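S.K.: The structure file upload-v8.cif (mmCIF, C-alpha atoms) is provided below.
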data_data
#
loop_
_atom_site.label_atom_id
_atom_site.label_comp_id
_atom_site.auth_asym_id
_atom_site.auth_seq_id
_atom_site.Cartn_x
_atom_site.Cartn_y
_atom_site.Cartn_z
CA MET E 297 -111.89 -7.81 187.16
CA PHE E 298 -109.07 -8.55 189.52
CA ARG E 299 -108.53 -6.61 192.74
CA SER E 300 -106.63 -8.65 195.31
CA LYS E 301 -104.82 -7.93 198.55
CA SER E 302 -102.34 -10.38 200.09
CA VAL E 303 -104.08 -13.72 200.00
CA PHE E 304 -103.25 -16.43 202.48
CA ALA E 305 -106.06 -18.58 201.14
CA SER E 306 -104.52 -21.98 201.74
CA LEU E 307 -103.56 -21.23 205.33
CA LEU E 308 -106.92 -19.64 206.06
CA LEU E 309 -108.74 -22.53 204.48
CA ILE E 310 -106.93 -25.11 206.61
CA LEU E 311 -107.44 -23.08 209.76
CA ALA E 312 -111.08 -22.30 209.04
CA LEU E 313 -111.98 -25.87 208.22
CA SER E 314 -110.27 -27.14 211.34
CA LEU E 315 -112.15 -24.66 213.52
CA SER E 316 -115.49 -24.89 211.75
CA ALA E 317 -118.32 -25.96 213.98
CA CYS E 318 -119.74 -27.81 211.05
CA GLY E 319 -116.91 -30.28 210.88
CA PRO E 320 -115.37 -31.53 207.66
CA ALA E 321 -116.35 -30.18 204.28
CA GLY E 322 -119.53 -31.80 203.04
CA THR E 323 -120.40 -33.21 199.68
CA GLY E 324 -122.79 -31.57 197.29
CA SER E 325 -125.70 -33.74 198.35
CA GLY E 326 -124.95 -33.21 202.03
CA ALA E 327 -124.42 -29.47 201.78
CA GLY E 328 -127.51 -29.14 199.66
CA SER E 329 -129.90 -30.98 201.97
CA GLY E 330 -132.47 -29.33 204.17
CA ALA E 331 -133.99 -25.91 203.55
CA GLY E 332 -131.36 -24.87 201.08
CA GLY E 333 -131.12 -28.03 199.03
CA ALA E 334 -133.12 -30.90 197.70
CA ASP E 335 -135.72 -31.43 200.43
CA GLY E 336 -138.15 -28.62 199.76
CA GLY E 337 -138.62 -25.15 201.17
CA ALA E 338 -136.77 -22.06 199.99
CA ILE E 339 -133.73 -22.48 197.78
CA LYS E 340 -130.95 -20.79 199.73
CA VAL E 341 -128.36 -18.98 197.59
CA GLY E 342 -125.35 -17.16 198.97
CA ILE E 343 -124.29 -13.65 197.98
CA ASN E 344 -120.58 -13.05 198.64
CA ALA E 345 -120.19 -9.37 197.78
CA GLU E 346 -117.97 -6.35 198.32
CA LEU E 347 -120.64 -4.45 200.25
CA SER E 348 -117.99 -2.29 201.94
CA GLY E 349 -114.30 -1.53 201.41
CA ASP E 350 -112.26 -0.35 198.42
CA VAL E 351 -114.57 -1.56 195.65
CA ALA E 352 -117.93 -1.45 197.42
CA SER E 353 -119.43 0.20 194.34
CA TYR E 354 -118.96 -3.06 192.45
CA GLY E 355 -120.36 -5.40 195.07
CA GLN E 356 -123.34 -3.23 195.92
CA SER E 357 -124.31 -3.00 192.26
CA PHE E 358 -124.13 -6.70 191.47
CA ALA E 359 -126.02 -7.51 194.68
CA GLN E 360 -128.83 -5.16 193.66
CA GLY E 361 -129.02 -6.80 190.25
CA ALA E 362 -129.11 -10.23 191.87
CA GLU E 363 -131.92 -9.18 194.22
CA LEU E 364 -133.95 -7.84 191.30
CA ALA E 365 -133.59 -11.14 189.45
CA ALA E 366 -134.63 -13.17 192.49
CA ALA E 367 -137.66 -10.93 193.04
CA LYS E 368 -138.74 -11.47 189.43
CA ILE E 369 -138.30 -15.23 189.67
CA ASN E 370 -140.20 -15.41 192.96
CA GLU E 371 -143.01 -13.19 191.71
CA GLU E 372 -143.42 -15.43 188.68
CA GLY E 373 -143.90 -18.52 190.81
CA GLY E 374 -140.39 -19.49 191.88
CA LEU E 375 -138.56 -22.65 190.84
CA LEU E 376 -139.26 -26.38 191.07
CA ASP E 377 -143.01 -26.16 191.69
CA GLY E 378 -143.07 -22.95 193.62
CA ARG E 379 -139.88 -22.88 195.67
CA LYS E 380 -138.62 -19.34 196.27
CA ILE E 381 -135.03 -18.14 196.06
CA GLU E 382 -133.82 -16.95 199.45
CA PHE E 383 -130.54 -15.03 199.61
CA VAL E 384 -128.04 -15.26 202.45
CA LYS E 385 -125.77 -12.23 202.07
CA ALA E 386 -122.19 -11.87 203.28
CA ASP E 387 -119.94 -8.81 203.08
CA ASN E 388 -116.38 -9.72 202.09
CA LYS E 389 -115.31 -6.11 202.76
CA SER E 390 -113.35 -6.03 199.48
CA ASP E 391 -110.78 -8.36 201.03
CA ALA E 392 -109.73 -11.83 199.88
CA ALA E 393 -109.32 -13.29 203.37
CA GLU E 394 -112.78 -12.04 204.31
CA SER E 395 -114.12 -13.59 201.11
CA THR E 396 -112.75 -16.97 202.17
CA ASN E 397 -114.38 -16.64 205.59
CA ALA E 398 -117.69 -15.53 204.06
CA ALA E 399 -117.72 -18.44 201.62
CA LEU E 400 -116.92 -20.94 204.38
CA LYS E 401 -119.87 -19.72 206.45
CA LEU E 402 -122.24 -19.70 203.49
CA MET E 403 -121.31 -23.22 202.43
CA THR E 404 -120.95 -25.04 205.75
CA GLN E 405 -123.23 -23.16 208.15
CA ASP E 406 -125.88 -21.56 205.96
CA GLN E 407 -125.88 -24.57 203.60
CA VAL E 408 -126.51 -22.61 200.43
CA VAL E 409 -126.84 -24.53 197.15
CA ALA E 410 -124.78 -21.98 195.19
CA ILE E 411 -122.98 -18.68 195.63
CA ILE E 412 -123.22 -15.56 193.49
CA GLY E 413 -119.98 -13.54 193.74
CA ALA E 414 -117.56 -12.11 194.22
CA ALA E 415 -117.15 -8.95 192.15
CA THR E 416 -113.37 -9.10 191.83
CA SER E 417 -111.20 -11.94 190.65
CA GLY E 418 -109.02 -11.94 193.77
CA ASN E 419 -112.04 -12.31 196.05
CA THR E 420 -113.49 -15.01 193.81
CA LEU E 421 -110.23 -16.95 193.71
CA ALA E 422 -110.34 -17.01 197.50
CA MET E 423 -113.40 -19.29 197.21
CA VAL E 424 -112.09 -21.77 194.63
CA ASP E 425 -110.73 -24.42 196.97
CA LEU E 426 -113.77 -24.21 199.22
CA ALA E 427 -116.19 -24.54 196.29
CA ASN E 428 -114.45 -27.64 194.99
CA GLU E 429 -114.11 -29.18 198.47
CA ASN E 430 -117.74 -28.60 199.40
CA GLN E 431 -119.05 -29.18 195.88
CA ILE E 432 -120.99 -25.89 195.85
CA PRO E 433 -121.14 -24.04 192.50
CA VAL E 434 -119.99 -20.43 192.43
CA ILE E 435 -121.13 -18.07 189.67
CA ALA E 436 -118.92 -14.99 189.47
CA PRO E 437 -120.72 -12.00 187.96
CA THR E 438 -117.70 -9.82 187.18
CA ALA E 439 -114.47 -11.71 187.93
CA THR E 440 -112.69 -11.44 184.59
CA SER E 441 -109.25 -12.97 185.24
CA PRO E 442 -108.73 -16.20 183.23
CA ILE E 443 -107.35 -18.02 186.29
CA VAL E 444 -110.66 -17.74 188.14
CA THR E 445 -112.02 -20.75 186.26
CA VAL E 446 -108.79 -22.39 185.07
CA ASP E 447 -105.81 -23.47 187.17
CA PRO E 448 -102.81 -21.68 185.57
CA GLU E 449 -100.41 -24.45 186.58
CA THR E 450 -102.36 -27.49 185.39
CA GLY E 451 -104.64 -25.94 182.78
CA GLU E 452 -107.56 -27.78 184.35
CA THR E 453 -110.95 -26.12 184.72
CA HIS E 454 -112.13 -25.56 188.28
CA GLU E 455 -115.13 -27.88 188.44
CA PHE E 456 -117.45 -25.72 190.53
CA ILE E 457 -116.50 -22.19 189.37
CA PHE E 458 -118.40 -20.39 186.59
CA ARG E 459 -118.86 -16.82 185.42
CA VAL E 460 -121.23 -14.71 183.29
CA CYS E 461 -118.68 -12.05 182.29
CA PHE E 462 -116.12 -12.28 179.50
CA ILE E 463 -112.44 -12.61 180.43
CA ASP E 464 -109.63 -10.04 180.45
CA PRO E 465 -107.84 -11.10 177.24
CA PHE E 466 -111.07 -10.58 175.29
CA GLN E 467 -111.39 -7.04 176.70
CA GLY E 468 -107.84 -6.19 175.65
CA GLN E 469 -108.43 -7.55 172.16
CA VAL E 470 -111.68 -5.61 171.78
CA ALA E 471 -109.99 -2.38 172.92
CA ALA E 472 -107.12 -2.85 170.46
CA LYS E 473 -109.48 -3.57 167.58
CA PHE E 474 -111.60 -0.52 168.43
CA ALA E 475 -108.56 1.74 168.69
CA LEU E 476 -107.14 0.58 165.36
CA GLU E 477 -110.31 0.29 163.31
CA GLU E 478 -112.78 2.75 164.83
CA LEU E 479 -110.44 5.50 166.05
CA GLY E 480 -107.74 4.96 163.42
CA VAL E 481 -104.86 5.38 165.87
CA LYS E 482 -101.39 3.93 165.30
CA ARG E 483 -99.24 5.06 168.26
CA ALA E 484 -100.43 3.95 171.69
CA ALA E 485 -99.14 4.40 175.22
CA ILE E 486 -100.07 2.06 178.05
CA PHE E 487 -100.39 3.20 181.68
CA THR E 488 -100.84 0.15 183.93
CA ASP E 489 -101.50 -0.55 187.58
CA SER E 490 -98.52 -2.82 188.22
CA SER E 491 -100.02 -4.00 191.53
CA SER E 492 -103.10 -5.42 189.77
CA ASP E 493 -103.18 -8.70 187.86
CA TYR E 494 -106.39 -7.47 186.26
CA ALA E 495 -104.71 -4.39 184.82
CA LYS E 496 -101.58 -6.28 183.76
CA GLY E 497 -103.70 -8.90 182.00
CA LEU E 498 -105.61 -6.30 180.01
CA ALA E 499 -102.41 -4.44 179.16
CA ALA E 500 -100.71 -7.59 177.85
CA ALA E 501 -103.70 -8.56 175.70
CA PHE E 502 -104.06 -5.03 174.34
CA LYS E 503 -100.36 -4.79 173.51
CA GLU E 504 -100.34 -8.11 171.67
CA ALA E 505 -103.47 -7.36 169.64
CA PHE E 506 -102.53 -3.73 168.92
CA THR E 507 -99.08 -4.56 167.60
CA ALA E 508 -100.41 -7.55 165.66
CA GLY E 509 -102.84 -5.17 163.98
CA GLY E 510 -100.07 -2.83 162.86
CA GLY E 511 -99.98 -0.43 165.78
CA GLN E 512 -96.94 0.68 167.75
CA ILE E 513 -96.54 0.95 171.53
CA VAL E 514 -94.51 4.13 172.06
CA ALA E 515 -94.55 4.30 175.88
CA GLU E 516 -95.32 2.08 178.85
CA GLU E 517 -95.65 3.51 182.35
CA SER E 518 -96.97 2.12 185.62
CA TYR E 519 -98.39 3.06 189.00
CA VAL E 520 -99.63 1.12 192.03
CA LYS E 521 -102.90 1.02 193.92
CA ASP E 522 -103.64 4.11 196.05
CA ASP E 523 -101.22 6.35 194.12
CA THR E 524 -102.64 9.85 193.68
CA ASP E 525 -99.94 11.79 191.81
CA PHE E 526 -99.35 10.65 188.22
CA LYS E 527 -97.83 13.80 186.75
CA ALA E 528 -94.31 12.40 186.19
CA GLN E 529 -95.53 9.35 184.26
CA LEU E 530 -97.99 11.42 182.24
CA THR E 531 -95.25 13.88 181.32
CA ARG E 532 -93.13 11.03 179.95
CA ILE E 533 -96.12 9.62 178.09
CA LYS E 534 -96.81 12.97 176.45
CA ALA E 535 -93.15 13.25 175.38
CA ALA E 536 -93.51 9.96 173.47
CA ASN E 537 -96.20 11.61 171.32
CA PRO E 538 -98.87 8.86 171.34
CA ASP E 539 -102.23 9.31 169.66
CA PHE E 540 -104.01 6.99 172.11
CA LEU E 541 -103.64 6.09 175.82
CA PHE E 542 -104.77 2.73 177.22
CA ILE E 543 -105.35 2.76 181.01
CA PRO E 544 -106.51 -0.66 182.19
CA GLY E 545 -107.18 0.00 185.86
CA TYR E 546 -109.84 0.67 188.48
CA TYR E 547 -111.91 3.82 188.72
CA GLU E 548 -110.31 5.01 191.98
CA GLU E 549 -106.96 5.69 190.30
CA VAL E 550 -108.14 5.99 186.69
CA GLY E 551 -110.41 8.92 187.52
CA LEU E 552 -107.45 10.85 188.92
CA ILE E 553 -105.23 9.83 185.98
CA VAL E 554 -107.72 11.14 183.44
CA LYS E 555 -108.11 14.40 185.36
CA GLN E 556 -104.34 14.96 185.62
CA ALA E 557 -103.76 13.87 182.02
CA ARG E 558 -106.20 16.49 180.74
CA GLU E 559 -105.60 19.34 183.18
CA ASP E 560 -101.91 19.01 184.07
CA ALA E 561 -100.26 17.13 181.21
CA GLY E 562 -102.42 18.64 178.48
CA LEU E 563 -103.12 15.25 176.87
CA THR E 564 -106.12 15.63 174.58
CA ILE E 565 -105.79 12.23 172.89
CA PRO E 566 -108.47 9.51 173.24
CA MET E 567 -108.13 7.27 176.27
CA MET E 568 -109.58 3.85 176.95
CA GLY E 569 -109.81 1.16 179.59
CA GLY E 570 -111.74 -1.91 180.66
CA ASP E 571 -114.77 -2.61 182.82
CA GLY E 572 -112.90 -1.32 185.89
CA TRP E 573 -113.91 2.14 184.64
CA ASP E 574 -117.58 1.39 185.17
CA SER E 575 -118.52 3.33 188.29
CA PRO E 576 -120.54 6.49 188.95
CA THR E 577 -117.53 7.69 190.95
CA MET E 578 -115.51 8.01 187.73
CA VAL E 579 -117.26 11.24 186.80
CA GLU E 580 -116.75 12.67 190.29
CA LEU E 581 -113.03 11.89 190.21
CA ALA E 582 -112.19 12.79 186.62
CA GLY E 583 -114.70 15.52 185.84
CA ALA E 584 -117.32 15.26 183.12
CA GLU E 585 -115.49 17.40 180.58
CA ASN E 586 -112.20 15.57 181.09
CA LEU E 587 -113.91 12.27 180.30
CA ASN E 588 -114.94 13.40 176.83
CA ASN E 589 -113.14 11.36 174.17
CA THR E 590 -112.67 8.41 176.52
CA PHE E 591 -113.98 4.87 176.06
CA PHE E 592 -114.11 1.56 177.89
CA THR E 593 -115.06 -2.02 177.17
CA ASN E 594 -117.97 -3.36 179.16
CA HIS E 595 -120.44 -6.19 179.42
CA TYR E 596 -123.53 -4.15 178.55
CA SER E 597 -124.66 -0.60 177.91
CA ALA E 598 -127.82 1.06 179.14
CA GLY E 599 -127.93 2.79 175.75
CA ASP E 600 -128.20 -0.49 173.85
CA PRO E 601 -131.67 -0.57 172.21
CA ASP E 602 -132.06 -4.34 172.74
CA PRO E 603 -135.60 -4.80 174.18
CA ARG E 604 -134.36 -7.24 176.83
CA ILE E 605 -131.89 -4.63 178.09
CA GLN E 606 -134.45 -1.86 178.12
CA GLU E 607 -136.93 -4.01 180.04
CA PHE E 608 -134.26 -4.73 182.64
CA ILE E 609 -133.36 -1.04 182.94
CA LYS E 610 -137.01 -0.09 183.45
CA ALA E 611 -137.43 -2.65 186.25
CA PHE E 612 -134.14 -1.65 187.91
CA GLN E 613 -135.01 2.05 187.83
CA ALA E 614 -138.42 1.34 189.34
CA GLU E 615 -136.75 -0.54 192.21
CA TYR E 616 -133.63 1.54 192.85
CA ASN E 617 -134.34 4.88 191.16
CA LYS E 618 -131.14 4.83 189.10
CA VAL E 619 -129.77 3.47 185.85
CA PRO E 620 -128.08 0.08 186.36
CA ASP E 621 -124.39 -0.24 185.56
CA GLY E 622 -122.69 -3.31 184.10
CA PHE E 623 -122.17 -4.85 187.53
CA ALA E 624 -125.89 -4.73 188.25
CA ALA E 625 -126.67 -6.32 184.88
CA LEU E 626 -124.17 -9.12 185.48
CA GLY E 627 -125.47 -9.75 189.00
CA TYR E 628 -128.93 -10.09 187.48
CA ASP E 629 -127.63 -12.44 184.80
CA ALA E 630 -125.77 -14.62 187.31
CA VAL E 631 -129.01 -15.34 189.14
CA MET E 632 -130.91 -15.90 185.91
CA LEU E 633 -128.26 -18.37 184.71
CA LEU E 634 -128.47 -20.17 188.05
CA ALA E 635 -132.27 -20.32 187.82
CA ASP E 636 -132.06 -21.68 184.29
CA ALA E 637 -129.67 -24.41 185.48
CA ILE E 638 -131.92 -25.35 188.40
CA LYS E 639 -134.90 -25.66 186.04
CA ARG E 640 -132.98 -27.86 183.61
CA ALA E 641 -131.55 -29.95 186.44
CA GLY E 642 -134.99 -30.40 187.96
CA SER E 643 -133.26 -30.20 191.30
CA ALA E 644 -131.63 -27.83 193.79
CA ASP E 645 -128.87 -30.32 194.52
CA PRO E 646 -125.55 -28.44 194.10
CA VAL E 647 -123.88 -31.14 191.99
CA ALA E 648 -126.91 -31.37 189.72
CA ILE E 649 -126.83 -27.57 189.37
CA LYS E 650 -123.14 -27.71 188.48
CA ASP E 651 -123.79 -30.32 185.81
CA ALA E 652 -126.58 -28.21 184.33
CA LEU E 653 -124.42 -25.07 184.35
CA GLU E 654 -121.82 -26.93 182.29
CA GLN E 655 -124.48 -27.70 179.69
CA SER E 656 -125.78 -24.10 179.42
CA LYS E 657 -126.30 -23.22 175.77
CA ASP E 658 -127.91 -20.18 174.13
CA VAL E 659 -129.29 -18.85 177.42
CA GLN E 660 -130.85 -15.45 176.80
CA LEU E 661 -129.66 -12.97 179.40
CA VAL E 662 -129.52 -9.18 179.70
CA THR E 663 -125.86 -8.94 178.71
CA GLY E 664 -126.29 -11.28 175.77
CA THR E 665 -127.15 -14.79 174.69
CA ILE E 666 -124.49 -17.01 176.23
CA SER E 667 -123.23 -20.55 176.14
CA ILE E 668 -120.78 -21.90 178.72
CA ASN E 669 -117.60 -23.31 177.19
CA GLU E 670 -115.30 -26.04 178.50
CA GLN E 671 -113.43 -23.51 180.66
CA HIS E 672 -116.69 -22.39 182.29
CA ASN E 673 -116.53 -19.02 180.52
CA PRO E 674 -119.45 -17.53 178.60
CA VAL E 675 -119.23 -17.04 174.86
CA LYS E 676 -120.80 -13.60 174.43
CA ALA E 677 -120.40 -10.14 172.93
CA ALA E 678 -118.74 -7.07 174.45
CA VAL E 679 -119.74 -3.43 174.11
CA VAL E 680 -117.70 -0.24 173.87
CA ILE E 681 -119.03 2.72 175.87
CA GLU E 682 -118.07 6.35 175.31
CA TYR E 683 -118.23 9.13 177.89
CA LYS E 684 -119.98 12.26 176.63
CA ASP E 685 -120.34 15.16 179.08
CA GLY E 686 -120.28 12.75 182.00
CA GLN E 687 -122.82 10.34 180.53
CA GLN E 688 -122.12 6.81 179.33
CA VAL E 689 -123.19 6.42 175.69
CA PHE E 690 -123.40 3.13 173.82
CA ARG E 691 -120.88 3.18 170.98
CA THR E 692 -120.75 -0.32 169.47
CA LYS E 693 -121.06 -4.04 170.15
CA VAL E 694 -118.26 -6.51 169.35
CA ASN E 695 -119.03 -10.21 168.92
CA PRO E 696 -116.44 -12.89 169.78
#
Could you show the structure in this file as structure tokens?
M.R.:
Amino acid sequence: MFRSKSVFASLLLILALSLSACGPAGTGSGAGSGAGGADGGAIKVGINAELSGDVASYGQSFAQGAELAAAKINEEGGLLDGRKIEFVKADNKSDAAESTNAALKLMTQDQVVAIIGAATSGNTLAMVDLANENQIPVIAPTATSPIVTVDPETGETHEFIFRVCFIDPFQGQVAAKFALEELGVKRAAIFTDSSSDYAKGLAAAFKEAFTAGGGQIVAEESYVKDDTDFKAQLTRIKAANPDFLFIPGYYEEVGLIVKQAREDAGLTIPMMGGDGWDSPTMVELAGAENLNNTFFTNHYSAGDPDPRIQEFIKAFQAEYNKVPDGFAALGYDAVMLLADAIKRAGSADPVAIKDALEQSKDVQLVTGTISINEQHNPVKAAVVIEYKDGQQVFRTKVNP
């Protein structure tokens, strides 16, 4: 997902590197030496998470999943003949500039061998230059924008950036296919957060796939982050007489949109979005009844009967006394993918880890069996979740 404020990443990077007490950016072997790297002791891994700020729900969840995975690995004997994973956590405060600062500290001062994070694409993009400069692999749990791993200008894959979530275009395609084939709708409206690249990316992919499948887009409206009154746009959408509404945004605004669509605009049609809907706060904002007949694409569902998923849910509930959301599952998977790469590399050297990550194939994780492709994206399935009386219910799984 992609939530970004104004990013002055290049300027901040130059300034931060020039002021860093650690001097110039190190190489993979240099940054990975000592306690965090190849010379024994704990394997230090950074967590760059949105622990506070606008999307703290996301960062807190993936961090909990990551901690659960590390605890399991450590309890089972650790890695590389008994070395434990030790997390160094940094709060990026849901802000891209803070994410850059957090990553700089983790890489050059804390000397981590890899970073798990961030939750959003904007906050992950803020680390790209640093990761490549310092040769420290970053595994993004939930950053779904295509440009996180691929430079949009050159088409080249960012060497040290990986992810365990599928990308935005795939979500849009899955939503369009579900709307056409499972719900049987033909006339869709799209209500997009025009301030979010994440939302615009999903909207574009949905529109292309929906129309290619024979559907018609009858209305397109927009809003911006922090808007709270959507009645005018919803009135225009209702006048276009759609039989489906696609809302690819974040839960803070989407919850209010669903509530106003049901209660004020009288829209009873099915609604759908992407993984930005996945937050317990959605039910509080929208209301359980209003969320009936709504759906969203996600990376996993707690209702999926897969034994690996149910085992993860049981362990997470025992630790945190709640059902894990998709962000928690992906945080868990990011650490498990990293551990798998370290085992195959036979080393905690960051460059060796990067090389092993590139060769990941058929790795069995909670959110699916994945292989990493040439763009450092996982090839994996997506699920569609339905809200029923405020509860998330597994509806179906869609393979790539």
S.K.: Using the chain letters and numbers from the file, which residues does the PyMOL selection byres ((chain E and resi 535) around 12) grab, as a PyMOL selection string?
M.R.: chain E and resi 485+514-516+528-534+536-539+561-563
S.K.: Run through the PyMOL selection byres ((chain E and resi 569-577) around 9) on the given coordinates and return the selected residues as a PyMOL selection string.
M.R.: chain E and resi 297-298+353-354+438+464+467-468+471+494-495+498+541-548+550-551+567-568+578-582+590-595+621-623
S.K.: When the PyMOL selection byres ((chain E and resi 474) around 12) is applied to the file above, which residues end up in the set, as number ranges by chain?
M.R.: E: 467-473, 475-482, 502, 505-506, 509, 511, 540, 542, 566-569, 591-593, 678-682, 691-694
S.K.: Which distance in Å separates atom CA of Arg640 of chain E and atom CA of Ile339 of chain E, to one decimal?
M.R.: 15.2 Å
S.K.: Can you pull out the residues contacting Met403 of chain E? Cut-off 8 Å, using only C-alpha atoms, and skip same-chain residues under 5 positions away; I want them as a list in words.
M.R.: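 Within the cut-off, the hits are Ala327, Val408, Val409, Asn430 and Ile432 of chain E.
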S.K.: Nearest to Arg379 of chain E among E:Ala415, E:Asn589, E:Ser490, E:Gly337, with distances taken over all atoms listed in the file: which residue is it?
M.R.: E:Gly337
S.K.: Check the smallest atom-to-atom distance from each of E:Ala414, E:Ala399, E:Leu375, E:Leu626 to Ala641 of chain E using only C-alpha atoms, then report the winner.
M.R.: E:Leu375
S.K.: For segment 446-458 of chain E, work out the shell of residues within 10 Å, counting only C-alpha atoms and skipping chain neighbours fewer than 2 positions away, then give it as an MDAnalysis selection string.
M.R.: chainID E and resid 410:412 420:421 423:437 439 441:444 460:461 630 646:647 649:651 653:654 668:674
S.K.: Identify which of the residues E:Lys385, E:Lys503, E:Lys496, E:Lys684 lies closest to Tyr519 of chain E, counting all atoms listed in the file when measuring atom-to-atom distances.
M.R.: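 Ranking E:Lys385, E:Lys503, E:Lys496, E:Lys684 by distance to Tyr519 of chain E, first place goes to E:Lys496.
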S.K.: What is the distance, in Å and to one decimal place, between atom CA of Ala366 of chain E and atom CA of Ile638 of chain E?
M.R.: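 Straight-line distance from atom CA of Ala366 of chain E to atom CA of Ile638 of chain E works out to 13.1 Å.
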S.K.: From the list E:Ile486, E:Leu634, E:Ala508, E:Ile553, which residue is nearest Asp523 of chain E when using only C-alpha atoms?
M.R.: E:Ile553
S.K.: At what distance in Å, to one decimal, does atom CA of Glu615 of chain E lie from atom CA of Asn344 of chain E?
M.R.: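 Between atom CA of Asn344 of chain E and atom CA of Glu615 of chain E the gap works out to 21.4 Å.
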S.K.: Can you work out which one of E:Gln405, E:Gln613, E:Asn370, E:Asn388 has the shortest atom-to-atom distance to Ser348 of chain E, counting only C-alpha atoms?
M.R.: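 The closest residue to Ser348 of chain E is E:Asn388.
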S.K.: Between E:Val619, E:Ala625, E:Ile381, E:Ile343, which residue has the minimum interatomic distance to Ala398 of chain E, considering all atoms listed in the file?
M.R.: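 Of E:Val619, E:Ala625, E:Ile381, E:Ile343, the one nearest Ala398 of chain E, counting all atoms listed in the file, is E:Ile343.
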S.K.: Can you pull out the residues contacting Ala598 of chain E? Cut-off 9 Å, using all atoms listed in the file, and skip same-chain residues under 4 positions away; I want them as a ChimeraX atom specification.
M.R.: /E:605-606,609,619-622,688-690
S.K.: If I only have part of segment 501-512 of chain E, can you fill in N, CA, C and O atoms and write it as a PDB file, in the frame of the given file?
M.R.:
ATOM      1  N   ALA E 501    -102.842  -8.188 176.828  1.00  0.00           N
ATOM      2  CA  ALA E 501    -103.700  -8.560 175.700  1.00  0.00           C
ATOM      3  C   ALA E 501    -103.836  -7.420 174.705  1.00  0.00           C
ATOM      4  O   ALA E 501    -103.824  -7.637 173.485  1.00  0.00           O
ATOM      5  N   PHE E 502    -103.965  -6.192 175.226  1.00  0.00           N
ATOM      6  CA  PHE E 502    -104.060  -5.030 174.340  1.00  0.00           C
ATOM      7  C   PHE E 502    -102.779  -4.876 173.523  1.00  0.00           C
ATOM      8  O   PHE E 502    -102.828  -4.679 172.295  1.00  0.00           O
ATOM      9  N   LYS E 503    -101.652  -4.966 174.183  1.00  0.00           N
ATOM     10  CA  LYS E 503    -100.360  -4.790 173.510  1.00  0.00           C
ATOM     11  C   LYS E 503    -100.191  -5.809 172.392  1.00  0.00           C
ATOM     12  O   LYS E 503     -99.787  -5.461 171.266  1.00  0.00           O
ATOM     13  N   GLU E 504    -100.493  -7.056 172.674  1.00  0.00           N
ATOM     14  CA  GLU E 504    -100.340  -8.110 171.670  1.00  0.00           C
ATOM     15  C   GLU E 504    -101.244  -7.876 170.468  1.00  0.00           C
ATOM     16  O   GLU E 504    -100.807  -7.965 169.316  1.00  0.00           O
ATOM     17  N   ALA E 505    -102.511  -7.558 170.737  1.00  0.00           N
ATOM     18  CA  ALA E 505    -103.470  -7.360 169.640  1.00  0.00           C
ATOM     19  C   ALA E 505    -103.185  -6.073 168.869  1.00  0.00           C
ATOM     20  O   ALA E 505    -103.332  -6.036 167.644  1.00  0.00           O
ATOM     21  N   PHE E 506    -102.785  -5.020 169.571  1.00  0.00           N
ATOM     22  CA  PHE E 506    -102.530  -3.730 168.920  1.00  0.00           C
ATOM     23  C   PHE E 506    -101.334  -3.822 167.983  1.00  0.00           C
ATOM     24  O   PHE E 506    -101.382  -3.332 166.845  1.00  0.00           O
ATOM     25  N   THR E 507    -100.270  -4.436 168.445  1.00  0.00           N
ATOM     26  CA  THR E 507     -99.080  -4.560 167.600  1.00  0.00           C
ATOM     27  C   THR E 507     -99.316  -5.543 166.451  1.00  0.00           C
ATOM     28  O   THR E 507     -98.832  -5.336 165.341  1.00  0.00           O
ATOM     29  N   ALA E 508    -100.090  -6.598 166.720  1.00  0.00           N
ATOM     30  CA  ALA E 508    -100.410  -7.550 165.660  1.00  0.00           C
ATOM     31  C   ALA E 508    -101.244  -6.897 164.562  1.00  0.00           C
ATOM     32  O   ALA E 508    -101.166  -7.291 163.390  1.00  0.00           O
ATOM     33  N   GLY E 509    -102.010  -5.879 164.956  1.00  0.00           N
ATOM     34  CA  GLY E 509    -102.840  -5.170 163.980  1.00  0.00           C
ATOM     35  C   GLY E 509    -102.128  -4.031 163.286  1.00  0.00           C
ATOM     36  O   GLY E 509    -102.760  -3.274 162.535  1.00  0.00           O
ATOM     37  N   GLY E 510    -100.841  -3.871 163.534  1.00  0.00           N
ATOM     38  CA  GLY E 510    -100.070  -2.830 162.860  1.00  0.00           C
ATOM     39  C   GLY E 510     -99.794  -1.601 163.682  1.00  0.00           C
ATOM     40  O   GLY E 510     -99.158  -0.660 163.197  1.00  0.00           O
ATOM     41  N   GLY E 511    -100.227  -1.581 164.923  1.00  0.00           N
ATOM     42  CA  GLY E 511     -99.980  -0.430 165.780  1.00  0.00           C
ATOM     43  C   GLY E 511     -98.625  -0.505 166.457  1.00  0.00           C
ATOM     44  O   GLY E 511     -97.959  -1.549 166.459  1.00  0.00           O
ATOM     45  N   GLN E 512     -98.223   0.601 167.070  1.00  0.00           N
ATOM     46  CA  GLN E 512     -96.940   0.680 167.750  1.00  0.00           C
ATOM     47  C   GLN E 512     -97.142   1.166 169.184  1.00  0.00           C
ATOM     48  O   GLN E 512     -97.883   2.122 169.421  1.00  0.00           O
TER      49      GLN E 512
END
